[in-house]
$ cat model_13.pdb   # PDB, C-alpha atoms
MODEL        1
ATOM      1  CA  MET A   1     -15.053 -24.043  11.569
ATOM      2  CA  PRO A   2     -16.419 -25.692  14.749
ATOM      3  CA  LEU A   3     -14.808 -28.940  15.871
ATOM      4  CA  ASN A   4     -17.666 -31.034  14.477
ATOM      5  CA  GLY A   5     -17.044 -29.645  11.010
ATOM      6  CA  ALA A   6     -20.415 -27.915  10.770
ATOM      7  CA  PRO A   7     -20.495 -24.533   8.989
ATOM      8  CA  ARG A   8     -19.864 -21.486  11.155
ATOM      9  CA  ARG A   9     -23.120 -19.927  12.320
ATOM     10  CA  LYS A  10     -23.219 -16.313  11.224
ATOM     11  CA  PRO A  11     -24.224 -13.713  13.843
ATOM     12  CA  LYS A  12     -27.282 -11.564  13.208
ATOM     13  CA  PHE A  13     -25.326  -8.446  12.207
ATOM     14  CA  MET A  14     -23.647 -10.433   9.427
ATOM     15  CA  LEU A  15     -26.933 -11.904   8.226
ATOM     16  CA  ASP A  16     -28.474  -8.419   8.152
ATOM     17  CA  PHE A  17     -25.506  -7.047   6.213
ATOM     18  CA  ILE A  18     -25.543  -9.946   3.725
ATOM     19  CA  ARG A  19     -29.267  -9.449   3.070
ATOM     20  CA  ALA A  20     -28.674  -5.767   2.331
ATOM     21  CA  HIS A  21     -25.401  -6.329   0.445
ATOM     22  CA  PRO A  22     -25.331  -9.787  -1.149
ATOM     23  CA  PRO A  23     -21.779 -10.964  -1.923
ATOM     24  CA  ARG A  24     -20.941 -10.662  -5.615
ATOM     25  CA  THR A  25     -18.357 -12.351  -7.795
ATOM     26  CA  SER A  26     -18.074  -9.104  -9.793
ATOM     27  CA  ILE A  27     -19.360  -5.535  -9.513
ATOM     28  CA  GLY A  28     -18.952  -4.651 -13.188
ATOM     29  CA  CYS A  29     -16.304  -1.935 -12.766
ATOM     30  CA  ALA A  30     -13.137  -1.729 -14.809
ATOM     31  CA  PRO A  31      -9.920  -1.506 -12.772
ATOM     32  CA  LEU A  32      -8.577   2.022 -12.545
ATOM     33  CA  THR A  33      -5.758   0.970 -14.875
ATOM     34  CA  CYS A  34      -8.167  -0.129 -17.628
ATOM     35  CA  ASP A  35     -10.592   1.714 -19.887
ATOM     36  CA  VAL A  36      -8.805   4.945 -19.019
ATOM     37  CA  GLU A  37     -10.720   7.049 -21.533
ATOM     38  CA  ALA A  38     -13.934   6.432 -19.618
ATOM     39  CA  ASP A  39     -14.821   8.248 -16.398
ATOM     40  CA  TYR A  40     -16.045   6.829 -13.113
ATOM     41  CA  LEU A  41     -18.837   9.035 -11.751
ATOM     42  CA  GLY A  42     -17.188  12.091 -13.267
ATOM     43  CA  GLU A  43     -13.605  11.206 -12.273
ATOM     44  CA  GLU A  44     -10.974  10.172 -14.791
ATOM     45  CA  ARG A  45      -9.456   6.729 -14.581
ATOM     46  CA  GLY A  46      -5.754   5.943 -14.680
ATOM     47  CA  LEU A  47      -3.404   5.930 -11.711
ATOM     48  CA  TYR A  48      -1.790   9.267 -12.527
ATOM     49  CA  PRO A  49      -3.020  12.605 -13.928
ATOM     50  CA  GLY A  50      -3.985  12.746 -17.570
ATOM     51  CA  ARG A  51      -5.443   9.199 -17.571
ATOM     52  CA  GLN A  52      -1.970   7.685 -17.351
ATOM     53  CA  ASN A  53      -0.850   4.559 -15.524
ATOM     54  CA  VAL A  54       2.769   5.696 -15.285
ATOM     55  CA  ALA A  55       4.071   8.718 -13.429
ATOM     56  CA  PRO A  56       4.993  11.838 -15.421
ATOM     57  CA  ALA A  57       8.660  11.723 -16.402
ATOM     58  CA  SER A  58       9.528  14.731 -14.238
ATOM     59  CA  HIS A  59       7.980  13.130 -11.140
ATOM     60  CA  LEU A  60       9.598   9.770 -11.834
ATOM     61  CA  ASP A  61      13.017  11.359 -12.349
ATOM     62  CA  ARG A  62      12.753  13.110  -8.981
ATOM     63  CA  GLY A  63      11.770   9.826  -7.369
ATOM     64  CA  ILE A  64      14.779   8.072  -8.863
ATOM     65  CA  ALA A  65      17.013  10.875  -7.586
ATOM     66  CA  LEU A  66      15.578  10.502  -4.078
ATOM     67  CA  ALA A  67      15.996   6.724  -4.252
ATOM     68  CA  LYS A  68      19.719   7.327  -4.705
ATOM     69  CA  GLN A  69      19.685   8.977  -1.267
ATOM     70  CA  LEU A  70      18.573   5.730   0.384
ATOM     71  CA  PHE A  71      21.642   4.053   1.827
ATOM     72  CA  PRO A  72      22.584   2.004   4.903
ATOM     73  CA  ARG A  73      22.482   4.125   8.057
ATOM     74  CA  ASP A  74      23.729   3.646  11.597
ATOM     75  CA  PRO A  75      21.316   3.997  14.549
ATOM     76  CA  GLU A  76      21.768   7.779  14.566
ATOM     77  CA  GLY A  77      20.944   7.993  10.859
ATOM     78  CA  ASN A  78      24.468   8.568   9.570
ATOM     79  CA  ARG A  79      25.720   6.853   6.447
ATOM     80  CA  ASP A  80      27.342   3.549   7.394
ATOM     81  CA  PRO A  81      28.436   0.768   5.001
ATOM     82  CA  GLU A  82      27.471  -1.733   7.721
ATOM     83  CA  GLY A  83      24.170  -0.018   8.480
ATOM     84  CA  LYS A  84      20.541  -0.730   7.663
ATOM     85  CA  ILE A  85      17.823   0.417   5.282
ATOM     86  CA  GLY A  86      14.501   0.190   7.133
ATOM     87  CA  PHE A  87      11.402  -0.589   5.037
ATOM     88  CA  MET A  88       8.138  -0.416   6.979
ATOM     89  CA  ALA A  89       4.558  -1.456   6.186
ATOM     90  CA  LEU A  90       1.711   0.591   7.665
ATOM     91  CA  GLY A  91      -1.973  -0.232   7.550
ATOM     92  CA  LEU A  92      -4.552  -2.576   8.962
ATOM     93  CA  SER A  93      -5.078  -6.336   9.283
ATOM     94  CA  ASN A  94      -5.080  -7.181   5.559
ATOM     95  CA  THR A  95      -1.866  -5.215   5.137
ATOM     96  CA  SER A  96      -0.277  -7.064   8.029
ATOM     97  CA  SER A  97      -1.063 -10.579   6.789
ATOM     98  CA  GLU A  98      -0.071  -9.767   3.194
ATOM     99  CA  PHE A  99       3.207  -8.133   4.217
ATOM    100  CA  GLN A 100       4.025 -11.130   6.386
ATOM    101  CA  VAL A 101       3.960 -13.395   3.313
ATOM    102  CA  PHE A 102       5.961 -10.796   1.405
ATOM    103  CA  GLN A 103       8.593 -10.952   4.159
ATOM    104  CA  HIS A 104       8.878 -14.705   3.629
ATOM    105  CA  LEU A 105       9.394 -14.162  -0.115
ATOM    106  CA  VAL A 106      12.119 -11.624   0.597
ATOM    107  CA  SER A 107      13.904 -13.879   3.092
ATOM    108  CA  ALA A 108      13.969 -16.703   0.535
ATOM    109  CA  CYS A 109      15.376 -14.526  -2.263
ATOM    110  CA  GLY A 110      19.136 -14.225  -2.648
ATOM    111  CA  THR A 111      18.977 -11.080  -4.760
ATOM    112  CA  VAL A 112      17.479  -8.732  -2.161
ATOM    113  CA  ASN A 113      19.704  -6.062  -0.591
ATOM    114  CA  ALA A 114      21.422  -7.549   2.469
ATOM    115  CA  HIS A 115      21.121  -4.205   4.306
ATOM    116  CA  LEU A 116      17.321  -4.184   3.967
ATOM    117  CA  VAL A 117      15.316  -4.714   7.172
ATOM    118  CA  LEU A 118      11.553  -5.140   6.848
ATOM    119  CA  THR A 119       9.206  -4.106   9.647
ATOM    120  CA  ASN A 120       5.574  -5.125   9.621
ATOM    121  CA  ALA A 121       3.953  -2.290  11.580
ATOM    122  CA  ALA A 122       0.438  -2.816  10.181
ATOM    123  CA  GLN A 123      -2.102  -3.646  12.878
ATOM    124  CA  PRO A 124      -5.471  -5.430  13.029
ATOM    125  CA  ARG A 125      -8.564  -3.301  13.712
ATOM    126  CA  LYS A 126      -6.638  -0.064  13.166
ATOM    127  CA  SER A 127      -8.304   1.767  10.305
ATOM    128  CA  ALA A 128      -7.202   4.925   8.493
ATOM    129  CA  GLU A 129      -8.978   7.134  11.024
ATOM    130  CA  VAL A 130      -6.826   5.728  13.842
ATOM    131  CA  MET A 131      -3.581   5.990  11.868
ATOM    132  CA  ALA A 132      -4.262   9.670  11.199
ATOM    133  CA  LEU A 133      -4.142  10.554  14.918
ATOM    134  CA  PRO A 134      -0.589  11.354  16.064
ATOM    135  CA  ASP A 135      -1.332  10.486  19.708
ATOM    136  CA  SER A 136      -3.117   7.188  19.042
ATOM    137  CA  ASN A 137      -1.771   3.938  20.433
ATOM    138  CA  TYR A 138      -1.133   2.897  16.840
ATOM    139  CA  TRP A 139       2.152   4.781  16.785
ATOM    140  CA  LYS A 140       3.304   3.381  20.120
ATOM    141  CA  VAL A 141       2.936  -0.091  18.634
ATOM    142  CA  VAL A 142       4.835   1.060  15.537
ATOM    143  CA  ASP A 143       7.720   2.176  17.756
ATOM    144  CA  ARG A 144       7.750  -1.209  19.511
ATOM    145  CA  ARG A 145       7.829  -3.070  16.213
ATOM    146  CA  ILE A 146      10.761  -0.953  15.026
ATOM    147  CA  LYS A 147      12.726  -1.762  18.193
ATOM    148  CA  GLN A 148      11.857  -5.458  17.945
ATOM    149  CA  ASP A 149      13.456  -5.503  14.487
ATOM    150  CA  LYS A 150      16.584  -3.831  15.912
ATOM    151  CA  LEU A 151      16.016  -0.648  13.950
ATOM    152  CA  THR A 152      15.835   2.968  15.003
ATOM    153  CA  ASN A 153      13.424   5.557  13.644
ATOM    154  CA  GLN A 154      16.385   7.224  11.922
ATOM    155  CA  GLN A 155      17.085   4.065   9.891
ATOM    156  CA  VAL A 156      13.575   3.780   8.433
ATOM    157  CA  GLN A 157      13.675   5.226   4.923
ATOM    158  CA  VAL A 158      10.805   3.701   2.923
ATOM    159  CA  VAL A 159       7.171   2.942   3.760
ATOM    160  CA  TRP A 160       4.369   1.042   2.067
ATOM    161  CA  ILE A 161       0.897   2.143   3.169
ATOM    162  CA  LYS A 162      -2.314   0.260   2.505
ATOM    163  CA  THR A 163      -5.268   1.289   4.628
ATOM    164  CA  ALA A 164      -9.015   1.829   4.505
ATOM    165  CA  LEU A 165     -11.804   3.579   6.379
ATOM    166  CA  LYS A 166     -13.908   1.674   8.892
ATOM    167  CA  GLU A 167     -17.378   0.861   7.583
ATOM    168  CA  PRO A 168     -17.639   3.476   4.792
ATOM    169  CA  SER A 169     -21.208   4.129   3.703
ATOM    170  CA  ALA A 170     -21.543   7.552   2.051
ATOM    171  CA  ALA A 171     -21.914   7.980  -1.689
ATOM    172  CA  PHE A 172     -18.923   8.789  -3.888
ATOM    173  CA  PRO A 173     -16.853  10.947  -3.581
ATOM    174  CA  ALA A 174     -17.398  11.554   0.154
ATOM    175  CA  GLU A 175     -15.560   8.486   1.460
ATOM    176  CA  PRO A 176     -12.472   8.775  -0.796
ATOM    177  CA  LYS A 177     -12.205  12.427   0.218
ATOM    178  CA  ARG A 178     -12.241  11.396   3.864
ATOM    179  CA  LEU A 179      -9.622   8.709   3.202
ATOM    180  CA  TYR A 180      -7.537  11.282   1.313
ATOM    181  CA  GLN A 181      -7.339  13.462   4.415
ATOM    182  CA  CYS A 182      -6.494  10.497   6.639
ATOM    183  CA  LEU A 183      -3.658   9.497   4.311
ATOM    184  CA  ARG A 184      -2.401  13.063   4.186
ATOM    185  CA  ASP A 185      -2.362  13.338   7.977
ATOM    186  CA  THR A 186      -0.681   9.934   8.268
ATOM    187  CA  LEU A 187       2.116  11.007   5.935
ATOM    188  CA  TYR A 188       2.761  14.078   8.083
ATOM    189  CA  ILE A 189       3.064  11.809  11.116
ATOM    190  CA  VAL A 190       5.410   9.470   9.246
ATOM    191  CA  LEU A 191       7.808  12.260   8.355
ATOM    192  CA  THR A 192       7.720  13.682  11.879
ATOM    193  CA  ARG A 193       8.529  10.342  13.494
ATOM    194  CA  PHE A 194      10.806   8.983  10.758
ATOM    195  CA  PRO A 195      12.758  11.965   9.399
ATOM    196  CA  ASN A 196      14.797   9.944   6.883
ATOM    197  CA  VAL A 197      11.815   8.494   5.039
ATOM    198  CA  LYS A 198      12.266   9.606   1.437
ATOM    199  CA  ILE A 199       9.637   7.540  -0.382
ATOM    200  CA  ALA A 200       6.126   6.350   0.426
ATOM    201  CA  TYR A 201       4.427   3.804  -1.823
ATOM    202  CA  LEU A 202       0.630   3.735  -1.559
ATOM    203  CA  SER A 203      -1.817   0.972  -2.460
ATOM    204  CA  SER A 204      -5.606   0.928  -2.271
ATOM    205  CA  ARG A 205      -7.859  -1.995  -1.398
ATOM    206  CA  SER A 206      -8.191  -5.251  -3.286
ATOM    207  CA  TYR A 207     -11.622  -6.608  -4.244
ATOM    208  CA  GLY A 208     -14.290  -6.231  -1.563
ATOM    209  CA  GLY A 209     -17.329  -7.745  -3.268
ATOM    210  CA  TYR A 210     -17.296 -10.900  -1.157
ATOM    211  CA  SER A 211     -17.620  -8.937   2.089
ATOM    212  CA  GLU A 212     -20.013 -10.422   4.645
ATOM    213  CA  ILE A 213     -19.235  -7.722   7.218
ATOM    214  CA  PRO A 214     -19.380  -3.932   6.693
ATOM    215  CA  LEU A 215     -15.662  -3.165   7.080
ATOM    216  CA  SER A 216     -14.832  -2.214   3.495
ATOM    217  CA  PRO A 217     -17.388  -3.512   1.003
ATOM    218  CA  GLU A 218     -17.844  -2.560  -2.619
ATOM    219  CA  PRO A 219     -17.950  -0.109  -4.206
ATOM    220  CA  HIS A 220     -15.943   1.512  -1.399
ATOM    221  CA  ALA A 221     -12.976  -0.834  -1.816
ATOM    222  CA  TYR A 222     -12.826   0.129  -5.498
ATOM    223  CA  GLU A 223     -13.322   3.829  -4.817
ATOM    224  CA  SER A 224     -10.539   3.955  -2.222
ATOM    225  CA  ALA A 225      -8.089   4.141  -5.140
ATOM    226  CA  PHE A 226      -9.232   7.680  -5.879
ATOM    227  CA  ALA A 227      -7.926   8.873  -2.505
ATOM    228  CA  VAL A 228      -4.457   7.615  -3.472
ATOM    229  CA  LYS A 229      -4.751   9.015  -6.998
ATOM    230  CA  TRP A 230      -5.770  12.476  -5.762
ATOM    231  CA  LEU A 231      -3.025  12.616  -3.154
ATOM    232  CA  ILE A 232      -0.274  11.775  -5.645
ATOM    233  CA  ARG A 233      -1.823  14.166  -8.177
ATOM    234  CA  ASP A 234      -1.707  17.029  -5.684
ATOM    235  CA  GLN A 235       1.969  16.399  -4.974
ATOM    236  CA  ILE A 236       2.770  16.277  -8.695
ATOM    237  CA  GLU A 237       0.900  19.555  -9.175
ATOM    238  CA  GLY A 238       3.033  21.246  -6.518
ATOM    239  CA  ASP A 239       0.935  21.384  -3.346
ATOM    240  CA  PRO A 240       3.428  22.984  -0.897
ATOM    241  CA  GLU A 241       1.939  20.995   2.001
ATOM    242  CA  LEU A 242       3.022  17.808   0.180
ATOM    243  CA  ASN A 243       6.493  19.055  -0.775
ATOM    244  CA  PRO A 244       9.210  16.333  -0.749
ATOM    245  CA  TYR A 245      12.060  18.443  -2.186
ATOM    246  CA  ALA A 246      14.555  20.356  -0.010
ATOM    247  CA  GLU A 247      15.266  22.962  -2.679
ATOM    248  CA  LYS A 248      11.567  23.924  -2.755
ATOM    249  CA  GLY A 249      11.348  24.776   0.931
ATOM    250  CA  VAL A 250      10.301  22.839   3.994
ATOM    251  CA  ILE A 251       9.910  19.116   3.317
ATOM    252  CA  ARG A 252       6.402  18.228   4.441
ATOM    253  CA  CYS A 253       5.913  14.801   2.937
ATOM    254  CA  PRO A 254       7.846  11.869   1.434
ATOM    255  CA  TRP A 255       7.911  11.496  -2.343
ATOM    256  CA  LEU A 256       4.723   9.667  -3.279
ATOM    257  CA  SER A 257       4.149   6.885  -5.755
ATOM    258  CA  TRP A 258       1.653   4.161  -6.390
ATOM    259  CA  GLY A 259       2.772   0.810  -5.103
ATOM    260  CA  PRO A 260       1.111  -2.168  -6.728
ATOM    261  CA  TYR A 261      -2.497  -1.515  -7.735
ATOM    262  CA  LEU A 262      -4.322  -4.448  -6.131
ATOM    263  CA  TRP A 263      -7.933  -4.243  -7.301
ATOM    264  CA  ALA A 264      -9.467  -6.618  -9.833
ATOM    265  CA  ASP A 265     -13.177  -7.145 -10.480
ATOM    266  CA  GLY A 266     -13.640 -10.397  -8.611
ATOM    267  CA  VAL A 267     -13.587 -13.418 -10.890
ATOM    268  CA  ARG A 268     -13.145 -11.248 -14.007
ATOM    269  CA  PRO A 269      -9.405 -11.245 -14.770
ATOM    270  CA  ARG A 270      -7.814  -7.899 -15.495
ATOM    271  CA  ASN A 271      -5.237  -7.458 -18.286
ATOM    272  CA  ASP A 272      -2.415  -9.114 -16.340
ATOM    273  CA  GLY A 273      -4.622 -12.055 -15.352
ATOM    274  CA  LEU A 274      -5.230 -11.042 -11.718
ATOM    275  CA  SER A 275      -8.600 -12.082 -10.327
ATOM    276  CA  TYR A 276     -10.056 -12.816  -6.893
ATOM    277  CA  LEU A 277     -12.112 -15.907  -6.139
ATOM    278  CA  ARG A 278     -14.239 -16.434  -3.035
ATOM    279  CA  GLU A 279     -11.628 -18.840  -1.710
ATOM    280  CA  ASP A 280      -9.078 -16.006  -1.725
ATOM    281  CA  MET A 281     -10.915 -14.653   1.357
ATOM    282  CA  ILE A 282     -11.577 -16.241   4.739
ATOM    283  CA  TRP A 283     -15.047 -16.761   6.232
ATOM    284  CA  ASP A 284     -15.855 -13.030   6.502
ATOM    285  CA  GLY A 285     -15.202 -12.326   2.823
ATOM    286  CA  VAL A 286     -12.875  -9.432   3.737
ATOM    287  CA  HIS A 287      -9.602 -10.772   5.080
ATOM    288  CA  PRO A 288      -7.375 -12.729   2.699
ATOM    289  CA  SER A 289      -6.971 -16.479   2.933
ATOM    290  CA  PRO A 290      -3.559 -18.055   2.245
ATOM    291  CA  SER A 291      -4.208 -17.941  -1.510
ATOM    292  CA  GLY A 292      -5.265 -14.291  -1.329
ATOM    293  CA  ARG A 293      -2.203 -13.354   0.721
ATOM    294  CA  ASN A 294       0.026 -15.120  -1.768
ATOM    295  CA  LYS A 295      -1.459 -13.106  -4.639
ATOM    296  CA  ILE A 296      -0.869  -9.783  -2.917
ATOM    297  CA  ALA A 297       2.617 -10.750  -1.715
ATOM    298  CA  ALA A 298       3.610 -11.719  -5.259
ATOM    299  CA  LEU A 299       2.361  -8.380  -6.582
ATOM    300  CA  LEU A 300       4.383  -6.612  -3.899
ATOM    301  CA  PHE A 301       7.563  -8.525  -4.630
ATOM    302  CA  ASN A 302       7.345  -8.020  -8.384
ATOM    303  CA  PHE A 303       6.672  -4.323  -7.908
ATOM    304  CA  PHE A 304       9.665  -3.646  -5.689
ATOM    305  CA  ALA A 305      11.953  -5.796  -7.828
ATOM    306  CA  LEU A 306      10.977  -4.053 -11.070
ATOM    307  CA  ASP A 307      10.014  -0.472 -10.215
ATOM    308  CA  ARG A 308      12.702   2.017 -11.210
ATOM    309  CA  THR A 309      12.561   3.898  -7.902
ATOM    310  CA  ALA A 310      12.538   0.723  -5.796
ATOM    311  CA  ALA A 311      14.995  -1.711  -7.372
ATOM    312  CA  ARG A 312      17.972   0.504  -6.433
ATOM    313  CA  TRP A 313      17.421  -0.031  -2.688
ATOM    314  CA  PHE A 314      15.396  -3.260  -2.715
ATOM    315  CA  LEU A 315      17.804  -5.421  -4.715
ATOM    316  CA  SER A 316      21.428  -6.223  -3.999
ATOM    317  CA  PRO A 317      23.776  -3.691  -5.654
ATOM    318  CA  GLY A 318      24.840  -5.813  -8.630
ATOM    319  CA  ILE A 319      21.276  -6.808  -9.501
ATOM    320  CA  ALA A 320      20.074  -3.255  -8.971
ATOM    321  CA  GLU A 321      22.621  -1.944 -11.468
ATOM    322  CA  LEU A 322      21.450  -4.493 -14.022
ATOM    323  CA  GLN A 323      17.830  -3.537 -13.408
ATOM    324  CA  GLU A 324      18.675   0.157 -13.831
ATOM    325  CA  ALA A 325      20.440  -0.536 -17.116
ATOM    326  CA  GLU A 326      17.578  -2.687 -18.411
ATOM    327  CA  PRO A 327      14.375  -1.639 -16.622
ATOM    328  CA  GLY A 328      11.824  -4.412 -16.240
ATOM    329  CA  GLN A 329      14.345  -7.221 -16.465
ATOM    330  CA  PHE A 330      14.615  -9.224 -13.270
ATOM    331  CA  PRO A 331      16.797 -12.335 -13.397
TER     332      PRO A 331
ENDMDL
END
$ encode --input "model_13.pdb" --output "structure tokens"
Amino acid sequence: MPLNGAPRRKPKFMLDFIRAHPPRTSIGCAPLTCDVEADYLGEERGLYPGRQNVAPASHLDRGIALAKQLFPRDPEGNRDPEGKIGFMALGLSNTSSEFQVFQHLVSACGTVNAHLVLTNAAQPRKSAEVMALPDSNYWKVVDRRIKQDKLTNQQVQVVWIKTALKEPSAAFPAEPKRLYQCLRDTLYIVLTRFPNVKIAYLSSRSYGGYSEIPLSPEPHAYESAFAVKWLIRDQIEGDPELNPYAEKGVIRCPWLSWGPYLWADGVRPRNDGLSYLREDMIWDGVHPSPSGRNKIAALLFNFFALDRTAARWFLSPGIAELQEAEPGQFP
């Protein structure tokens, strides 16, 4: 807002975009987790194959087994009871601001693992296309953030990735397919630079119907979930280029799982009550306001505290054992 309190004058490119794509409080789509028997433009709903919102038991069991291999490490990556478990966020500006609030929640919680060190390596104006380039400046900034948090690359063991393409415009499924390849390439880079990363949690965009700039409007924000769904599906189905298991050959990729699914249809609450109001976004309708960041950060915290592959390393040992004995119960 200008100093005189008058409304911000929108530049011409925004006015042109708004005329062509009027902001909407809802786009009429069911979240991927709902109405799973119905298709979306020929693609099945549900987060996982077979129209399911939970991972197949065999995939989940392997993820739990890999989570048991996450332990405090010294700077060289050796097991060390006084070491650190690095947990890094990768993505763009929304990811950065949301993870920052999540970090505050973690620092205020006495039940989080004392060995856990969070690094916010997400960066403004760095879309999925930039992340997918191994020689881009994005990864130099990531290295600096790791050092600033007094971690080494060998201590980073978990990542959360939330990213999007810059100004998607093609009809479905072209853009999710492009995002799929960017995510795939990014995961290869992650494992090359951070060899002890065992698990990568992926989230797609939250609601984009309020967008007043062309960064990631609807329905592209909604459709970005299919890139994540397809990538995890391909690992579950045994794609050797996404192999996370040493006994199956060369490890090419971390074990993949959905993180929190963030999309809701604007003001229409989904089954758990999540909705997004216009005031959950700042002036551009894309980036989250304080209330929007709080919503995402709460979803993140609840996910990592309750998920069976995450609680073991995210929570302090005593709480983690309780959570493992009684999944879904967080004191």
$ residues_around --input "model_13.pdb" --residues "A:Gly63" --least-positions-apart "6" --cutoff "8 Å" --atoms "only C-alpha atoms" --output "list in words"
Ile199, Trp255 and Thr309 of chain A
$ residues_around --input "model_13.pdb" --residues "A:Asn113" --least-positions-apart "2" --cutoff "7 Å" --atoms "only C-alpha atoms" --output "PyMOL selection string"
chain A and resi 111+115-116+313-317
$ closest_residue --input "model_13.pdb" --among "A:Asn271, A:Asn294, A:Thr186, A:Ser97" --to "A:Cys253" --atoms "all atoms listed in the file"
A:Thr186
$ closest_atom_pairs --input "model_13.pdb" --of "stretch 24-116 of chain A" --to "stretch 149-163 of chain A" --cutoff "6 Å" --atoms "all atoms listed in the file" --output "CSV"
residue,atom,partner,partner_atom,distance
A:Arg73,CA,A:Gln155,CA,5.7
A:Pro75,CA,A:Thr152,CA,5.6
A:Gly77,CA,A:Gln154,CA,4.7
A:Ile85,CA,A:Gln155,CA,5.9
A:Gly86,CA,A:Val156,CA,3.9
A:Phe87,CA,A:Val158,CA,4.8
A:Met88,CA,A:Val159,CA,4.8
A:Ala89,CA,A:Trp160,CA,4.8
A:Leu90,CA,A:Ile161,CA,4.8
A:Gly91,CA,A:Thr163,CA,4.7
A:Leu92,CA,A:Thr163,CA,5.9
$ residues_around --input "model_13.pdb" --residues "A:Pro219" --least-positions-apart "5" --cutoff "9 Å" --atoms "all atoms listed in the file" --output "PyMOL selection string"
chain A and resi 27+29+172+208-209+224
$ residues_around --input "model_13.pdb" --residues "A:Leu262" --least-positions-apart "2" --cutoff "9 Å" --atoms "all atoms listed in the file" --output "list in words"
Ser203, Ser204, Arg205, Ser206, Tyr207, Gly259, Pro260, Ala264, Leu274, Ile296 and Leu299 of chain A
$ closest_atom_pairs --input "model_13.pdb" --of "stretch 148-235 of chain A" --to "stretch 278-291 of chain A" --cutoff "8 Å" --atoms "all atoms listed in the file" --output "CSV"
residue,atom,partner,partner_atom,distance
A:Gly208,CA,A:Val286,CA,6.4
A:Gly209,CA,A:Gly285,CA,7.9
A:Tyr210,CA,A:Gly285,CA,4.7
A:Ser211,CA,A:Gly285,CA,4.2
A:Glu212,CA,A:Asp284,CA,5.2
A:Ile213,CA,A:Asp284,CA,6.3
A:Leu215,CA,A:Val286,CA,7.6
A:Ser216,CA,A:Val286,CA,7.5
A:Pro217,CA,A:Val286,CA,7.9
$ closest_residue --input "model_13.pdb" --among "A:Ala200, A:His220, A:Ser96, A:Leu133" --to "A:Glu175" --atoms "all atoms listed in the file"
A:His220
$ closest_residue --input "model_13.pdb" --among "A:Leu165, A:Leu32, A:Leu256, A:Ile64" --to "A:Val130" --atoms "only C-alpha atoms"
A:Leu165
$ resolve_selection --input "model_13.pdb" --expression "the PyMOL selection byres ((chain A and resi 258) around 6)" --output "JSON, numbers by chain"
{"A": [201, 202, 257, 259]}
$ resolve_selection --input "model_13.pdb" --expression "the PyMOL selection byres ((chain A and resi 137-139) around 12)" --output "number ranges by chain"
A: 90-92, 121-136, 140-146, 153, 186, 189-190, 192-194
$ atom_distance --input "model_13.pdb" --atom1 "atom CA of A:Trp230" --atom2 "atom CA of A:Val101"
29.1 Å
$ atom_distance --input "model_13.pdb" --atom1 "atom CA of A:Glu98" --atom2 "atom CA of A:Glu218"
20.0 Å
$ atom_distance --input "model_13.pdb" --atom1 "atom CA of A:Thr95" --atom2 "atom CA of A:Val117"
17.3 Å
$ residues_near_point --input "model_13.pdb" --point "(9.5, 15.9, -7.0)" --cutoff "9 Å" --atoms "all atoms listed in the file" --output "PyMOL selection string"
chain A and resi 58-63+66+235-236+238+243-245+255-256
$ residues_around --input "model_13.pdb" --residues "A:Phe102" --least-positions-apart "4" --cutoff "7 Å" --atoms "only C-alpha atoms" --output "VMD selection string"
chain A and resid 98 106 297 300 to 301
$ decode --input "model_13.pdb" --residues "stretch 220-244 of chain A" --atoms "C-alpha atoms" --output "short mmCIF file (atom, residue, chain, number, x, y, z; two decimals), in the first residue's frame"
data_model
loop_
_atom_site.label_atom_id
_atom_site.label_comp_id
_atom_site.auth_asym_id
_atom_site.auth_seq_id
_atom_site.Cartn_x
_atom_site.Cartn_y
_atom_site.Cartn_z
CA HIS A 220 -2.46 -25.22 -13.42
CA ALA A 221 -2.04 -25.00 -9.64
CA TYR A 222 -4.58 -27.81 -9.27
CA GLU A 223 -3.09 -29.88 -12.08
CA SER A 224 0.44 -29.67 -10.67
CA ALA A 225 -0.57 -32.46 -8.26
CA PHE A 226 -0.59 -34.93 -11.13
CA ALA A 227 3.15 -34.44 -11.67
CA VAL A 228 3.74 -35.52 -8.05
CA LYS A 229 1.24 -38.38 -8.32
CA TRP A 230 2.83 -39.75 -11.51
CA LEU A 231 6.35 -39.52 -10.13
CA ILE A 232 5.50 -41.46 -6.97
CA ARG A 233 3.48 -43.95 -9.02
CA ASP A 234 6.45 -44.65 -11.28
CA GLN A 235 8.69 -45.33 -8.28
CA ILE A 236 6.10 -47.66 -6.75
CA GLU A 237 5.83 -49.50 -10.06
CA GLY A 238 9.58 -50.11 -10.11
CA ASP A 239 11.08 -47.56 -12.51
CA PRO A 240 14.82 -48.38 -12.19
CA GLU A 241 15.72 -44.71 -12.76
CA LEU A 242 13.79 -43.89 -9.55
CA ASN A 243 15.21 -46.76 -7.49
CA PRO A 244 15.73 -45.92 -3.77
#
